[in-house]
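Participant: Below is a structure I'd like to ask you about.
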Amino acid sequence: MDIKKLKPVFFIVSILMAVIGTSLYMGSYFSGLLFILAGVLLFMAYKWLDSGTTALVELIKAGAQALMVPVFGIAIAIVLGALVMLASGYDPVESYRALFYGAFIRNWHVSVLNAAPLMFTGLSVALAFHAGLFNIGAEGQYYIGAMAATFLGLNLNLPPFLSLILIFVVAGMLASAWNIVPAILKVRTGAHEVITTMMLAHTARYLSPIFIRAHGGDPNTSDHAYVTDQLPEANWLPRFKTFLPEANYRLHVGILIGIVMALLVYYLLYHTRIGFEIRAVGQNKDAARAQGISIGKSIMMALLLAGFLAGLAGVNQVVGLDHKLYENLSAGYGWNGISVALLASSHPIGVIFTALLWGALDAGGQYMARVTDTSNSIVEIIKGIILFLVVAKYIYAYLGNRIRRYRRRKQEAAEGAA
Amino acid sequence: MEAFFSIANTDLLVAMVRLSTPITLAAIGAVICERSGIVNIAMEGIMIVGAFFAAVGALYTGNPWIGLLMGVVAGGIFSLIHAVATVSFHLNHVVSGAVLNILAMGVTRYFMVLFFGHPGTTDPIPNTLGQLKWAIPGLSKIPVIGRMFFDQTPIVYFSFILVIFFAWFMKKTKLGLHIRAAGEHPLALETIGVSVKKMRYLGVFISGLTSGMGGAYLAIENSASFTEGMTNGRGFIALAANISGGWNPIGAFIASLFFGFADALQVRFQVGKVFDIPAEIFIIFPYVATIIAVAGLVRRSRPPKEVGVDFMIEQESD
């Protein structure tokens with residue numbers, strides 16, 4: 001029998017393995033890693049059957065190349081972080097051990113919980129970047145999404161899954177509506193979206209206390225100040241514990257929704273007409289216009305979709321983790337979403353990993369601060385350094401040129417001497 | 001009507017000038033920086049760094065002038081990262097600015113814990129520049145105007161001086177012309193033998209100094225402590241002031257006064273409890289005013305031609 005006939009089987013099984021493995025791993029079942037690896041191997045086998053050895057080698061090479069800069073940046077940042085710790089009198093070895101142990105083993109569930117909202121806001125910023133836009137106000141859309149989700153969650157009384165779907169869609173749309181003004185202004189007058197979305201982010205932040213007071217928050221009592229009422233349990237996002245008994249009881253399936261969203265955004269950007277137009281406008285407005293693409297429509301589309309995605313981050317926190325809305329307790333998921341998107345070079349699939357990395361660093365930092373004397377604010381420094389080293393890609397080209405020039409000079413000098 | 005007059009009085013105008021000062025200072029920086037061809041959205045971060053180091057200086061030495069100096073210098077040094085990233089390493093200006101804002105939050109949080117043992121707010125600063133009220137003899141006696149412009153605290157005066165100085169500097173000096181040329185037509189500037197790189201570094205550095213001063217104002221003159229996130233978007237409002245002011249210092253100053261007015265109004269409404277409306281509605285004033293200003297005025301002015309455009313001339317070939 002021809003092995004090539006097995007192609008679709010390889011493909012389907014590899015996807016299945018990846019899904020099972022990811023679900024397990026995100027639920028703190030580390031054996032899920034084996035499934036993921038099996039899935040990757042099967043996918044490589046499928047690729048090999050499909051397009052031959054050279055294509056496979058190319059794929060692996062491209063993957064390794066894409067990883068090189070981030071891995072290098074992270075390594076350097078860890079070294080520099082150690083120097084900062086030494087300079088401020090902390091013990092780097094002990095601190096890092098606690099940080100990594102906390103982030104990836106002991107408190108992995110916290111990492112996953114942190115990563116879920118970052119995935120949504122990261123995707124939001126990344127999507128806008130593809131259109132050449134900077135959705136710096138994702139934090140505001142996050143608040144709108146969270147408020148809308150709280151309102152709907154408190155008031156909806158529908159069959160469980162129906163109400164959840166409704167919450168996600170409606171709250172997301174309201175958050176996307178928060179971006180209508182910047183989008184229209186950008187299209188009509190060219191007003192820079194950095195300023196408009198930023199101002200709306202502050203506006204949304206200050207609207208949240210009003211909302212909280214209107215929905216159960218009472219500053220005059222000590223136990224219910226600055227918090228809304230709790231959502232009924234029917235409107236909570238399902239938890240991993242219902243199908244994986246060993247999983248942490250707080251862990252909810254929001255992370256899986258985030259991963260699915262990343263895949264959807266990837267599909268939208270690279271396999272649909274809208275995505276193509278968005279990317280074309282981001283790369284070269286004049287060329288896009290010459291092709292008959294409507295710049296205004298693409299900009300509107302990108303900003304509204306970005307608002308939708310950032311809003312989902314708020315929904316995810318409310319129906320998944322907190323089940324109520326706290327005042328000023330968003331931990332800056334909107335701002336961090338910018339880092340997550342930049343770190344991934346705005347690639348939707350990359351966002352999955354960078355969100356997990358950022359979430360893990362936060363979780364590890366908290367654990368480190370608990371078990372050692374080191375302050376977890378060192379994590380902020382490490383994040384900043386990683387970001388700079390990854391973003392400033394030109395540094396590597398520059399250094400590469402320097403080294404090449406130096407070698408050539410040396411060679412010329414050697415030739416001249418001979 | 002009584003409620004109206006309890007708000008609309010000279011105090012409101014004095015507060016307007018006071019609250020516009022940090023925005024004015026950062027906006028002047030934004031003008032110079034954008035005129036040199038570099039977009040600087042990092043001013044928010046530079047301001048917070050300036051505010052922090054000003055507070056540290058004032059707290060540790062007990063002398064607010066040293067605090068001011070430290071704030072300005074820290075802002076300048078921090079801004080150089082933006083200059084290196086955008087001018088030398090050709091990084092996208094907006095990306096670099098965003099990264100710097102994030103870095104600024106991290107750096108201040110880290111030093112906060114290192115110096116004071118906790119995040120959040122520093123101890124109160126005993127001696128601040130806010131305690132020094134310099135009434136200019138004669139002029140300060142003019143009704144309304146006198147109290148607004150001639151009976152203020154030191155950094156407020158500095159901001160006036162800087163507005164006038166930079167308006168003159170950009171228009172009348174050769175260096176000012178070169179900075180403008182770096183943003184309008186860099187190639188021409190390079191052709192006459194002036195380094196575009198240097199002019200752009202200078203532009204960013206000046207914006208760092210003035211934004212640092214704006215941050216210092218918040219910590220050691222307008223209040224008497226540093227709080228994380230105390231800039232509250234003023235760096236971005238300054239950017240809007242620069243745009244609505246048509247990329248020139250005087251215009252930026254007038255736009256800043258407008259935003260300062262929105263801020264002053266907000267404070268008055270909030271403190272005065274004039275209406276039975278949640279205070280947060282008023283806090284939003286300056287942000288909404290900014291959006292309106294950017295929406296309404298942006299069309300009439302023209303940005304420097306090559307602002308945000310990377311300048312790379314053919315270097316030694318490899």
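FYI, nothing fancy with the structure tokens labels: chains A, B, ... in order, residues from 1 per chain, ligands from 1 as they appear.
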Restrict the distance test to only C-alpha atoms, flag each residue of chain A within 9 Å of chain B, and return the flagged residues as a ChimeraX atom specification.
Facilitator: /A:88,134,136,182,185-186,189-192,194-200,202-204,206-210,335-336,338-339,342,375-385,387-388,391-395,398,401,404-405
Participant: Determine which residues of range 103-301 of chain B DSSP labels as strand (DSSP E) from the backbone of this structure, then write them out as a ChimeraX atom specification.
Facilitator: /B:134-135,151-152
Participant: Residues as selected, N, CA and C atoms, written as a PDB file, in the first residue's frame, can you do that?
Facilitator:
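In the end it all went to result.pdb:
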```pdb
ATOM      1  N   TRP B 134       7.034  83.008  43.758  1.00  0.00           N
ATOM      2  CA  TRP B 134       7.761  84.199  43.330  1.00  0.00           C
ATOM      3  C   TRP B 134       6.775  85.187  42.718  1.00  0.00           C
ATOM      4  N   ALA B 135       6.400  86.190  43.492  1.00  0.00           N
ATOM      5  CA  ALA B 135       5.541  87.235  42.932  1.00  0.00           C
ATOM      6  C   ALA B 135       6.436  88.288  42.315  1.00  0.00           C
ATOM      7  N   ASP B 151       2.508  85.483  39.469  1.00  0.00           N
ATOM      8  CA  ASP B 151       2.537  85.141  40.886  1.00  0.00           C
ATOM      9  C   ASP B 151       2.544  83.620  40.993  1.00  0.00           C
ATOM     10  N   GLN B 152       3.581  83.015  40.403  1.00  0.00           N
ATOM     11  CA  GLN B 152       3.584  81.561  40.300  1.00  0.00           C
ATOM     12  C   GLN B 152       4.830  80.969  40.940  1.00  0.00           C
TER      13      GLN B 152
END
```
Participant: Would you compute the distance between CA of Ser124 in chain A and CA of Ser294 in chain A? Give it in Å to one decimal.
Facilitator: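 Separation of CA of Ser124 in chain A and CA of Ser294 in chain A: 21.3 Å.
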Participant: Skip Leu251 in chain A itself and residues of its chain fewer than 6 positions away, then list as a PyMOL selection string all residues within 12 Å of it, counting only C-alpha atoms.
Facilitator: chain A and resi 23-28+107-116+236-245+316-317+319-322
Participant: Excluding Pro143 in chain B and residues on its chain fewer than 3 positions from it, collect all residues at most 12 Å away from it, counting only C-alpha atoms, and give them as a count of residues only.
Facilitator: 14
Participant: With only C-alpha atoms as the basis for distance, which of A:Arg188, A:Met368, A:Ala38, A:Lys324 is at the shortest distance from Gly296 in chain A?
Facilitator: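 Closest candidate: A:Arg188.
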Participant: Could you give me, as a PyMOL selection string, the residues within 12 Å of range 100-102 of chain A, counting only C-alpha atoms and dropping anything in the same chain fewer than 5 positions from it?
Facilitator: chain A and resi 78+92-95+107-111+357+359-372+379
Participant: Output as a ChimeraX atom specification all residues of range 59-299 of chain A that backbone DSSP marks as alpha helix (DSSP H).
Facilitator: /A:59-87,92-101,108-130,138-155,160-177,180-188,193-214,254-271,273-283,285-290,295-299
Participant: Can you tell me which residues surround Ala171 in chain A at a distance of at most 9 Å, considering only C-alpha atoms, apart from same-chain residues fewer than 2 positions away, and format the answer as a list in words?
Facilitator: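 Residues meeting the cut-off are Ile144, Gly145, Ala146, Met147, Ala148, Ala149, Leu152, Leu166, Ile167, Phe168, Val169, Met173, Leu174, Ala175, Ser176, Phe308, Gly311, Leu312, Gly314 and Val315 of chain A.
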Participant: Using only C-alpha atoms, please write the residues we just selected to a file, as an mmCIF file, in the first residue's frame.
Facilitator:
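See again-v4.cif below for the written result:
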```cif
data_model
loop_
_atom_site.group_PDB
_atom_site.id
_atom_site.type_symbol
_atom_site.label_atom_id
_atom_site.label_comp_id
_atom_site.auth_asym_id
_atom_site.auth_seq_id
_atom_site.Cartn_x
_atom_site.Cartn_y
_atom_site.Cartn_z
ATOM 1 C CA ILE A 144 -15.168 48.174 28.333
ATOM 2 C CA GLY A 145 -15.194 44.441 27.621
ATOM 3 C CA ALA A 146 -14.939 43.660 31.325
ATOM 4 C CA MET A 147 -17.728 46.076 32.236
ATOM 5 C CA ALA A 148 -20.014 44.776 29.499
ATOM 6 C CA ALA A 149 -19.314 41.191 30.535
ATOM 7 C CA LEU A 152 -24.467 40.869 30.957
ATOM 8 C CA LEU A 166 -23.778 35.997 24.028
ATOM 9 C CA ILE A 167 -21.499 37.591 26.635
ATOM 10 C CA PHE A 168 -18.406 37.019 24.536
ATOM 11 C CA VAL A 169 -19.965 38.356 21.345
ATOM 12 C CA MET A 173 -18.714 44.215 20.064
ATOM 13 C CA LEU A 174 -19.152 46.937 22.649
ATOM 14 C CA ALA A 175 -15.393 47.033 23.176
ATOM 15 C CA SER A 176 -14.937 47.263 19.447
ATOM 16 C CA PHE A 308 -13.103 43.317 19.774
ATOM 17 C CA GLY A 311 -12.521 43.428 24.841
ATOM 18 C CA LEU A 312 -12.448 39.625 24.966
ATOM 19 C CA GLY A 314 -11.811 41.698 29.813
ATOM 20 C CA VAL A 315 -14.608 39.189 29.244
#
```
Participant: For Gly29 in chain B, work out the shell of residues within 9 Å, counting only C-alpha atoms and skipping chain neighbours fewer than 2 positions away, then give it as a count of residues only.
Facilitator: 21
Participant: So what do you get for CA of Gly73 in chain A versus CA of Leu86 in chain A, distance-wise?
Facilitator: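 Calculated distance between CA of Gly73 in chain A and CA of Leu86 in chain A is 19.8 Å.
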Participant: How many Å lie between CA of Gly308 in chain B and CA of Ser244 in chain B, rounded to one decimal?
Facilitator: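 Interatomic distance here is 17.7 Å.
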Participant: Taking only C-alpha atoms into account, name the residue in A:Leu343, A:Ala310, A:Val9, A:Leu399 that is nearest to Met261 in chain A.
Facilitator: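 Ranking A:Leu343, A:Ala310, A:Val9, A:Leu399 by distance to Met261 in chain A, first place goes to A:Ala310.
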